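Structure data follow from entry13.cif (mmCIF, C-alpha atoms):
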```cif
data_final
#
loop_
_atom_site.label_atom_id
_atom_site.label_comp_id
_atom_site.auth_asym_id
_atom_site.auth_seq_id
_atom_site.Cartn_x
_atom_site.Cartn_y
_atom_site.Cartn_z
CA MET H 1 2.86 -19.08 -19.63
CA LEU H 2 2.09 -20.88 -22.89
CA ASN H 3 4.96 -20.94 -25.37
CA LYS H 4 5.29 -19.98 -29.00
CA THR H 5 4.83 -23.55 -30.25
CA THR H 6 1.46 -24.04 -28.56
CA LYS H 7 -1.03 -25.52 -31.03
CA LYS H 8 -3.40 -22.91 -32.49
CA ASN H 9 -6.52 -24.86 -31.60
CA LEU H 10 -9.12 -22.31 -30.53
CA PRO H 11 -11.41 -20.68 -33.11
CA ILE H 12 -11.08 -17.21 -31.68
CA SER H 13 -9.81 -13.90 -33.05
CA VAL H 14 -7.44 -12.03 -30.73
CA ILE H 15 -7.31 -8.32 -31.57
CA ILE H 16 -4.44 -6.09 -30.43
CA ILE H 17 -3.58 -2.49 -31.25
CA THR H 18 0.08 -1.45 -31.06
CA LYS H 19 2.49 1.41 -31.27
CA ASN H 20 6.15 1.07 -30.22
CA ALA H 21 5.37 -1.91 -27.99
CA GLU H 22 8.52 -4.00 -28.50
CA HIS H 23 9.15 -4.04 -24.72
CA SER H 24 5.91 -5.93 -23.99
CA VAL H 25 4.19 -7.30 -27.08
CA GLU H 26 6.12 -10.58 -27.28
CA LYS H 27 4.84 -11.67 -23.86
CA THR H 28 1.35 -10.75 -25.01
CA LEU H 29 1.66 -12.78 -28.22
CA LYS H 30 3.13 -15.80 -26.45
CA SER H 31 0.19 -15.83 -24.07
CA VAL H 32 -2.33 -16.08 -26.95
CA SER H 33 -0.39 -18.45 -29.21
CA TRP H 34 -3.29 -20.93 -28.95
CA ALA H 35 -5.62 -18.66 -30.97
CA ASN H 36 -6.08 -19.51 -34.66
CA GLU H 37 -6.21 -15.81 -35.59
CA ILE H 38 -4.26 -12.87 -34.16
CA ILE H 39 -4.96 -9.45 -35.66
CA VAL H 40 -2.64 -6.52 -34.95
CA ILE H 41 -3.41 -2.95 -35.97
CA ASP H 42 -0.15 -1.03 -35.77
CA SER H 43 0.03 2.75 -35.73
CA LYS H 44 3.38 3.59 -37.36
CA SER H 45 5.67 1.89 -34.84
CA SER H 46 9.30 2.98 -35.19
CA ASP H 47 10.74 0.07 -33.19
CA ASN H 48 10.64 -3.73 -33.68
CA THR H 49 6.95 -4.16 -32.82
CA VAL H 50 5.87 -5.19 -36.32
CA LYS H 51 8.80 -7.58 -36.76
CA ILE H 52 7.97 -9.30 -33.46
CA CYS H 53 4.31 -9.62 -34.43
CA GLU H 54 5.26 -11.10 -37.81
CA SER H 55 7.29 -13.81 -36.04
CA TYR H 56 4.07 -14.95 -34.33
CA ASP H 57 2.12 -15.22 -37.61
CA ALA H 58 -0.10 -12.29 -36.71
CA ILE H 59 -2.20 -10.62 -39.39
CA ILE H 60 -0.80 -7.10 -39.39
CA LYS H 61 -2.70 -4.08 -40.64
CA LYS H 62 -0.85 -0.76 -40.64
CA SER H 63 -2.62 2.47 -39.77
CA ASP H 64 -1.21 5.68 -41.22
CA PHE H 65 -2.64 7.81 -38.43
CA TRP H 66 -3.87 7.42 -34.86
CA PRO H 67 -7.69 7.80 -34.73
CA GLY H 68 -8.02 7.02 -31.00
CA PHE H 69 -8.49 3.83 -29.01
CA GLY H 70 -12.15 3.25 -29.79
CA PRO H 71 -11.96 3.75 -33.58
CA GLN H 72 -8.72 1.74 -33.80
CA LYS H 73 -10.22 -1.23 -31.97
CA ASN H 74 -13.35 -1.09 -34.13
CA LYS H 75 -11.05 -1.29 -37.15
CA ALA H 76 -9.40 -4.40 -35.70
CA LEU H 77 -12.81 -5.90 -34.94
CA GLY H 78 -13.82 -5.43 -38.56
CA PHE H 79 -10.96 -7.67 -39.76
CA ALA H 80 -11.81 -10.56 -37.41
CA LYS H 81 -13.14 -13.72 -39.08
CA ASN H 82 -14.08 -15.80 -36.05
CA ARG H 83 -17.29 -15.60 -34.07
CA TRP H 84 -15.48 -15.10 -30.78
CA ILE H 85 -13.27 -12.10 -30.03
CA LEU H 86 -10.66 -11.62 -27.32
CA SER H 87 -9.51 -8.01 -27.14
CA ILE H 88 -6.27 -7.38 -25.24
CA ASP H 89 -3.73 -4.60 -25.09
CA SER H 90 -0.06 -4.93 -26.01
CA ASP H 91 0.93 -4.73 -22.32
CA GLU H 92 -1.44 -7.49 -21.17
CA VAL H 93 -0.78 -11.20 -20.72
CA VAL H 94 -3.32 -14.04 -20.68
CA SER H 95 -2.55 -16.30 -17.72
CA ASN H 96 -2.65 -20.09 -18.06
CA GLU H 97 -5.70 -20.10 -15.78
CA LEU H 98 -7.48 -17.67 -18.08
CA TYR H 99 -6.58 -19.75 -21.14
CA ASN H 100 -8.15 -22.80 -19.47
CA GLU H 101 -11.35 -20.87 -18.76
CA ILE H 102 -11.54 -19.54 -22.31
CA ASN H 103 -11.00 -23.07 -23.62
CA LYS H 104 -13.97 -24.29 -21.56
CA ILE H 105 -16.14 -21.44 -22.83
CA MET H 106 -15.22 -22.22 -26.43
CA THR H 107 -16.28 -25.84 -25.82
CA ILE H 108 -19.63 -24.84 -24.37
CA ASN H 109 -19.97 -22.03 -26.94
CA PRO H 110 -22.69 -20.05 -25.15
CA GLU H 111 -24.84 -17.87 -27.37
CA ASN H 112 -25.34 -14.16 -26.77
CA THR H 113 -23.00 -14.01 -23.77
CA ALA H 114 -20.00 -11.75 -23.24
CA PHE H 115 -17.48 -12.05 -20.42
CA TYR H 116 -15.84 -9.60 -18.06
CA ILE H 117 -12.33 -10.75 -17.13
CA ARG H 118 -10.63 -9.99 -13.82
CA ARG H 119 -7.51 -7.92 -14.43
CA ILE H 120 -4.50 -7.81 -12.11
CA ASN H 121 -2.55 -4.59 -12.57
CA PHE H 122 1.15 -3.86 -12.24
CA PHE H 123 2.68 -0.38 -12.04
CA CYS H 124 6.34 -0.11 -13.10
CA GLY H 125 6.72 -3.83 -12.38
CA GLU H 126 5.01 -3.87 -8.97
CA ARG H 127 1.53 -5.22 -8.32
CA VAL H 128 -1.10 -2.64 -7.37
CA ASN H 129 -3.80 -3.88 -5.00
CA TYR H 130 -5.77 -0.67 -4.43
CA SER H 131 -5.67 2.89 -5.91
CA GLY H 132 -8.89 2.21 -7.86
CA TRP H 133 -7.33 -0.75 -9.65
CA GLN H 134 -8.85 -3.35 -7.36
CA ASP H 135 -11.90 -5.36 -8.48
CA ASP H 136 -10.93 -4.46 -12.04
CA PHE H 137 -13.16 -6.41 -14.42
CA VAL H 138 -12.94 -5.55 -18.12
CA LEU H 139 -15.21 -6.75 -20.91
CA ARG H 140 -12.80 -8.46 -23.29
CA LEU H 141 -14.29 -11.79 -24.43
CA PHE H 142 -17.39 -11.52 -26.57
CA PRO H 143 -19.12 -12.76 -29.74
CA LYS H 144 -18.41 -10.48 -32.70
CA LYS H 145 -22.08 -10.31 -33.58
CA LEU H 146 -23.88 -7.38 -31.93
CA SER H 147 -20.60 -6.04 -30.49
CA ALA H 148 -18.71 -2.80 -31.05
CA PHE H 149 -16.40 -0.41 -29.23
CA THR H 150 -17.45 3.10 -28.36
CA GLU H 151 -15.81 5.77 -30.52
CA SER H 152 -14.10 7.36 -27.50
CA LEU H 153 -10.52 8.43 -28.13
CA VAL H 154 -9.51 7.08 -24.70
CA HIS H 155 -11.19 4.86 -22.08
CA GLU H 156 -13.21 3.12 -24.77
CA ARG H 157 -15.54 0.28 -23.80
CA VAL H 158 -17.32 -2.60 -25.50
CA ILE H 159 -21.01 -2.22 -26.29
CA PHE H 160 -22.66 -5.64 -26.28
CA HIS H 161 -26.34 -6.51 -26.58
CA GLY H 162 -26.79 -9.76 -24.69
CA HIS H 163 -26.04 -11.57 -21.45
CA LEU H 164 -22.98 -10.69 -19.35
CA ASN H 165 -20.89 -13.01 -17.19
CA LYS H 166 -17.56 -12.91 -15.33
CA ILE H 167 -14.30 -14.87 -15.43
CA ASN H 168 -12.19 -14.78 -12.28
CA ALA H 169 -9.03 -16.23 -13.90
CA PRO H 170 -6.73 -13.23 -14.34
CA LEU H 171 -5.57 -11.11 -17.22
CA LEU H 172 -2.20 -9.65 -16.21
CA HIS H 173 -1.75 -5.95 -17.02
CA TYR H 174 1.83 -4.62 -16.99
CA SER H 175 1.11 -0.92 -17.36
CA TYR H 176 3.63 1.91 -17.20
CA LYS H 177 7.02 0.27 -17.66
CA ASP H 178 8.90 3.27 -16.19
CA PHE H 179 8.44 6.93 -15.25
CA ASP H 180 9.12 8.12 -18.80
CA ASP H 181 6.16 5.99 -19.80
CA VAL H 182 4.09 7.62 -17.03
CA THR H 183 4.77 11.17 -18.28
CA ASP H 184 4.20 10.12 -21.90
CA LYS H 185 0.81 8.59 -21.11
CA ILE H 186 -0.24 11.61 -19.02
CA HIS H 187 0.31 13.71 -22.13
CA ARG H 188 -1.40 11.32 -24.55
CA TYR H 189 -4.37 10.45 -22.35
CA SER H 190 -5.04 14.06 -21.36
CA SER H 191 -4.98 15.12 -25.04
CA ALA H 192 -7.42 12.40 -26.05
CA GLY H 193 -9.55 13.12 -22.97
CA ALA H 194 -9.71 16.80 -23.92
CA HIS H 195 -11.27 15.93 -27.29
CA ASP H 196 -13.79 13.60 -25.63
CA LEU H 197 -14.59 16.30 -23.06
CA ILE H 198 -15.38 18.85 -25.77
CA CYS H 199 -17.55 16.34 -27.64
CA SER H 200 -19.50 15.67 -24.43
CA GLU H 201 -20.49 19.36 -24.34
CA LYS H 202 -19.91 19.49 -20.59
CA LYS H 203 -19.07 22.78 -18.93
CA ILE H 204 -15.31 23.47 -19.13
CA THR H 205 -13.69 26.11 -16.92
CA PHE H 206 -10.35 26.62 -15.15
CA THR H 207 -12.12 26.32 -11.79
CA LEU H 208 -13.55 22.96 -12.79
CA ALA H 209 -10.07 21.88 -13.87
CA ILE H 210 -8.79 22.48 -10.34
CA VAL H 211 -11.84 20.95 -8.64
CA HIS H 212 -11.85 17.77 -10.75
CA ALA H 213 -8.08 17.37 -10.47
CA LEU H 214 -8.14 17.62 -6.67
CA TRP H 215 -11.14 15.30 -6.51
CA SER H 216 -9.29 12.77 -8.68
CA PHE H 217 -6.37 12.77 -6.25
CA PHE H 218 -8.61 12.51 -3.17
CA LYS H 219 -10.69 9.70 -4.68
CA THR H 220 -7.63 7.68 -5.76
CA TYR H 221 -5.54 8.11 -2.63
CA PHE H 222 -8.21 8.03 0.07
CA LEU H 223 -11.54 6.65 -1.18
CA LYS H 224 -9.86 3.97 -3.33
CA PHE H 225 -7.29 3.24 -0.58
CA GLY H 226 -4.28 4.27 -2.66
CA PHE H 227 -2.35 4.97 0.53
CA LEU H 228 -2.24 1.19 1.10
CA ASP H 229 -0.14 0.84 -2.06
CA GLY H 230 2.66 2.93 -0.53
CA LYS H 231 4.68 5.18 -2.83
CA ASN H 232 3.08 3.73 -5.94
CA GLY H 233 -0.35 4.65 -4.62
CA LEU H 234 0.82 8.23 -4.11
CA ILE H 235 2.34 8.34 -7.60
CA ILE H 236 -0.84 6.98 -9.18
CA ALA H 237 -2.94 9.56 -7.31
CA PHE H 238 -0.71 12.38 -8.57
CA MET H 239 -0.76 10.87 -12.07
CA ASN H 240 -4.56 10.82 -12.12
CA MET H 241 -4.65 14.39 -10.80
CA GLU H 242 -2.25 15.65 -13.48
CA THR H 243 -4.08 13.83 -16.27
CA THR H 244 -7.40 15.32 -15.21
CA PHE H 245 -5.98 18.84 -14.81
CA TYR H 246 -4.23 18.82 -18.18
CA LYS H 247 -7.30 17.34 -19.83
CA TYR H 248 -9.36 20.37 -18.80
CA LEU H 249 -6.61 22.86 -19.67
CA LYS H 250 -6.19 21.35 -23.13
CA ALA H 251 -9.95 21.32 -23.64
CA ILE H 252 -10.11 25.03 -22.70
CA ASN H 253 -7.31 25.87 -25.15
CA LEU H 254 -8.86 23.76 -27.89
CA LYS H 255 -12.27 25.34 -27.33
CA ASN H 256 -10.80 28.86 -27.39
CA PHE H 257 -8.84 28.07 -30.55
CA THR H 258 -11.97 26.73 -32.27
CA THR H 259 -14.00 29.79 -31.25
CA GLU H 260 -11.26 32.15 -32.46
CA LYS H 261 -11.04 30.31 -35.77
CA LYS H 262 -14.81 30.58 -36.28
CA ASN H 263 -14.73 34.31 -35.50
CA ARG H 264 -11.96 34.87 -38.04
CA LYS H 265 -14.00 33.17 -40.74
CA LYS H 266 -17.07 35.17 -39.74
CA PHE H 267 -15.39 38.55 -40.22
CA ARG H 268 -13.47 37.79 -43.41
#
```

Could you write out this file's structure as structure tokens?
Amino acid sequence: MLNKTTKKNLPISVIIITKNAEHSVEKTLKSVSWANEIIVIDSKSSDNTVKICESYDAIIKKSDFWPGFGPQKNKALGFAKNRWILSIDSDEVVSNELYNEINKIMTINPENTAFYIRRINFFCGERVNYSGWQDDFVLRLFPKKLSAFTESLVHERVIFHGHLNKINAPLLHYSYKDFDDVTDKIHRYSSAGAHDLICSEKKITFTLAIVHALWSFFKTYFLKFGFLDGKNGLIIAFMNMETTFYKYLKAINLKNFTTEKKNRKKFR
């Protein structure tokens, strides 16, 4: 891994969004110390995240509220000054191999091309080879022009109008540091997913909650070969099932609450 004193020689803006990421963000920042601009949008961290980011000369913008992943990343994108953008999360690390590939791309400077990067995932410190996390390519390196993130509260993606290519050098993703983190993210992701589900205007019923939750487990554990990941594959399958089930339940409650609120206003 590149160290903190690596020369900032690449004209690229690295954008990162953070909240209470002191356990992982330093590794992330060390791995992109070669970038001449690092932008961090922090959402009211109560730990040492901001202090760590300041020690790496990051440009820090503080957000008073959490608007969701898509809107927050669009905010970070708006602050970037360079033509090229590398978007990474606070639990991801750029490998030396990936740095070398990005360096080559910056030299060639291809126009109107964005790059999917191969991501290797770790669950509570152990590498996951299946469970739907295999062949995981994420669009993270792209020219700022003609690029934007979707406004999704969770599972946002980059919208890019141009050519697409792939980089096989890995981005290392250290997700879910422990089981407390697992339960916390089930809650947060299902809440954000509930809002996105309502906005999609899809049918939302308790029966569909059960059906989609069971399907999520079956797809992860069997169709995506989660059983080959041992106990972690089983945990990930249950995690996906719970997230899906709670997403629908929360959407039902939110929809009912909204309907009840409208009815109250109507009969006042």

To one decimal place, how far is CA of Ser13 in chain H from CA of Trp84 in chain H in Å?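 Taking CA of Ser13 in chain H as the start and CA of Trp84 in chain H as the end point, the length is 6.2 Å.
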
Report, in Å with one decimal, the straight-line distance from CA of Glu37 in chain H to CA of Leu153 in chain H.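 Going from CA of Glu37 in chain H over to CA of Leu153 in chain H, I get 25.7 Å.
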
Interatomic distance, CA of Ala237 in chain H to CA of Tyr221 in chain H (Å, one decimal):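 So the two atoms, CA of Ala237 in chain H and CA of Tyr221 in chain H, lie 5.5 Å apart.
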
Taking all atoms listed in the file into account, which of H:Asn112, H:Met106, H:Arg188, H:Ala251 comes nearest Lys203 in chain H?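 Closest to Lys203 in chain H of all the choices is H:Ala251.
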
Taking into account all atoms listed in the file, which residue in the set H:Gly78, H:Val25, H:Asp135, H:Gly68 is nearest to Cys53 in chain H?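 Closest to Cys53 in chain H, using all atoms listed in the file: H:Val25.
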
Picked residues, the PyMOL selection byres ((chain H and resi 244) around 9), expected as a tab-separated table (two decimals) with C-alpha atoms, keeping the file's coordinate frame:
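What follows is the written file out.tsv:
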```
chain	number	residue	atom	x	y	z
H	186	ILE	CA	-0.24	11.61	-19.02
H	190	SER	CA	-5.04	14.06	-21.36
H	193	GLY	CA	-9.55	13.12	-22.97
H	209	ALA	CA	-10.07	21.88	-13.87
H	210	ILE	CA	-8.79	22.48	-10.34
H	212	HIS	CA	-11.85	17.77	-10.75
H	213	ALA	CA	-8.08	17.37	-10.47
H	214	LEU	CA	-8.14	17.62	-6.67
H	216	SER	CA	-9.29	12.77	-8.68
H	239	MET	CA	-0.76	10.87	-12.07
H	240	ASN	CA	-4.56	10.82	-12.12
H	241	MET	CA	-4.65	14.39	-10.80
H	242	GLU	CA	-2.25	15.65	-13.48
H	243	THR	CA	-4.08	13.83	-16.27
H	245	PHE	CA	-5.98	18.84	-14.81
H	246	TYR	CA	-4.23	18.82	-18.18
H	247	LYS	CA	-7.30	17.34	-19.83
H	248	TYR	CA	-9.36	20.37	-18.80
H	249	LEU	CA	-6.61	22.86	-19.67
```

Check what the PyMOL selection byres ((chain H and resi 113-126) around 8) selects in the file above and give those residues as a PDB file with C-alpha atoms, keeping the file's coordinate frame.
```pdb
ATOM      1  CA  PRO H 110     -22.690 -20.050 -25.150  1.00  0.00           C
ATOM      2  CA  GLU H 111     -24.840 -17.870 -27.370  1.00  0.00           C
ATOM      3  CA  ASN H 112     -25.340 -14.160 -26.770  1.00  0.00           C
ATOM      4  CA  ARG H 127       1.530  -5.220  -8.320  1.00  0.00           C
ATOM      5  CA  VAL H 128      -1.100  -2.640  -7.370  1.00  0.00           C
ATOM      6  CA  ASN H 129      -3.800  -3.880  -5.000  1.00  0.00           C
ATOM      7  CA  TRP H 133      -7.330  -0.750  -9.650  1.00  0.00           C
ATOM      8  CA  GLN H 134      -8.850  -3.350  -7.360  1.00  0.00           C
ATOM      9  CA  ASP H 135     -11.900  -5.360  -8.480  1.00  0.00           C
ATOM     10  CA  ASP H 136     -10.930  -4.460 -12.040  1.00  0.00           C
ATOM     11  CA  PHE H 137     -13.160  -6.410 -14.420  1.00  0.00           C
ATOM     12  CA  VAL H 138     -12.940  -5.550 -18.120  1.00  0.00           C
ATOM     13  CA  LEU H 139     -15.210  -6.750 -20.910  1.00  0.00           C
ATOM     14  CA  ARG H 140     -12.800  -8.460 -23.290  1.00  0.00           C
ATOM     15  CA  LEU H 141     -14.290 -11.790 -24.430  1.00  0.00           C
ATOM     16  CA  PHE H 142     -17.390 -11.520 -26.570  1.00  0.00           C
ATOM     17  CA  PRO H 143     -19.120 -12.760 -29.740  1.00  0.00           C
ATOM     18  CA  PHE H 160     -22.660  -5.640 -26.280  1.00  0.00           C
ATOM     19  CA  GLY H 162     -26.790  -9.760 -24.690  1.00  0.00           C
ATOM     20  CA  HIS H 163     -26.040 -11.570 -21.450  1.00  0.00           C
ATOM     21  CA  LEU H 164     -22.980 -10.690 -19.350  1.00  0.00           C
ATOM     22  CA  ASN H 165     -20.890 -13.010 -17.190  1.00  0.00           C
ATOM     23  CA  LYS H 166     -17.560 -12.910 -15.330  1.00  0.00           C
ATOM     24  CA  ILE H 167     -14.300 -14.870 -15.430  1.00  0.00           C
ATOM     25  CA  ASN H 168     -12.190 -14.780 -12.280  1.00  0.00           C
ATOM     26  CA  ALA H 169      -9.030 -16.230 -13.900  1.00  0.00           C
ATOM     27  CA  PRO H 170      -6.730 -13.230 -14.340  1.00  0.00           C
ATOM     28  CA  LEU H 171      -5.570 -11.110 -17.220  1.00  0.00           C
ATOM     29  CA  LEU H 172      -2.200  -9.650 -16.210  1.00  0.00           C
ATOM     30  CA  HIS H 173      -1.750  -5.950 -17.020  1.00  0.00           C
ATOM     31  CA  TYR H 174       1.830  -4.620 -16.990  1.00  0.00           C
ATOM     32  CA  SER H 175       1.110  -0.920 -17.360  1.00  0.00           C
ATOM     33  CA  TYR H 176       3.630   1.910 -17.200  1.00  0.00           C
ATOM     34  CA  LYS H 177       7.020   0.270 -17.660  1.00  0.00           C
ATOM     35  CA  ASP H 178       8.900   3.270 -16.190  1.00  0.00           C
ATOM     36  CA  PHE H 179       8.440   6.930 -15.250  1.00  0.00           C
ATOM     37  CA  ASN H 232       3.080   3.730  -5.940  1.00  0.00           C
TER      38      ASN H 232
END
```

Rank nothing, just name the residue among H:Ile16, H:Ala80, H:Leu10, H:Ala35 nearest to Ile105 in chain H, using only C-alpha atoms.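 Among the listed residues, H:Leu10 lies closest to Ile105 in chain H.
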
Name the residues within 7 Å of (-5.2, -12.8, -21.6), counting all atoms listed in the file in the file's coordinates, and put them as a PyMOL selection string. chain H and resi 31-32+88+92-95+98+171-172
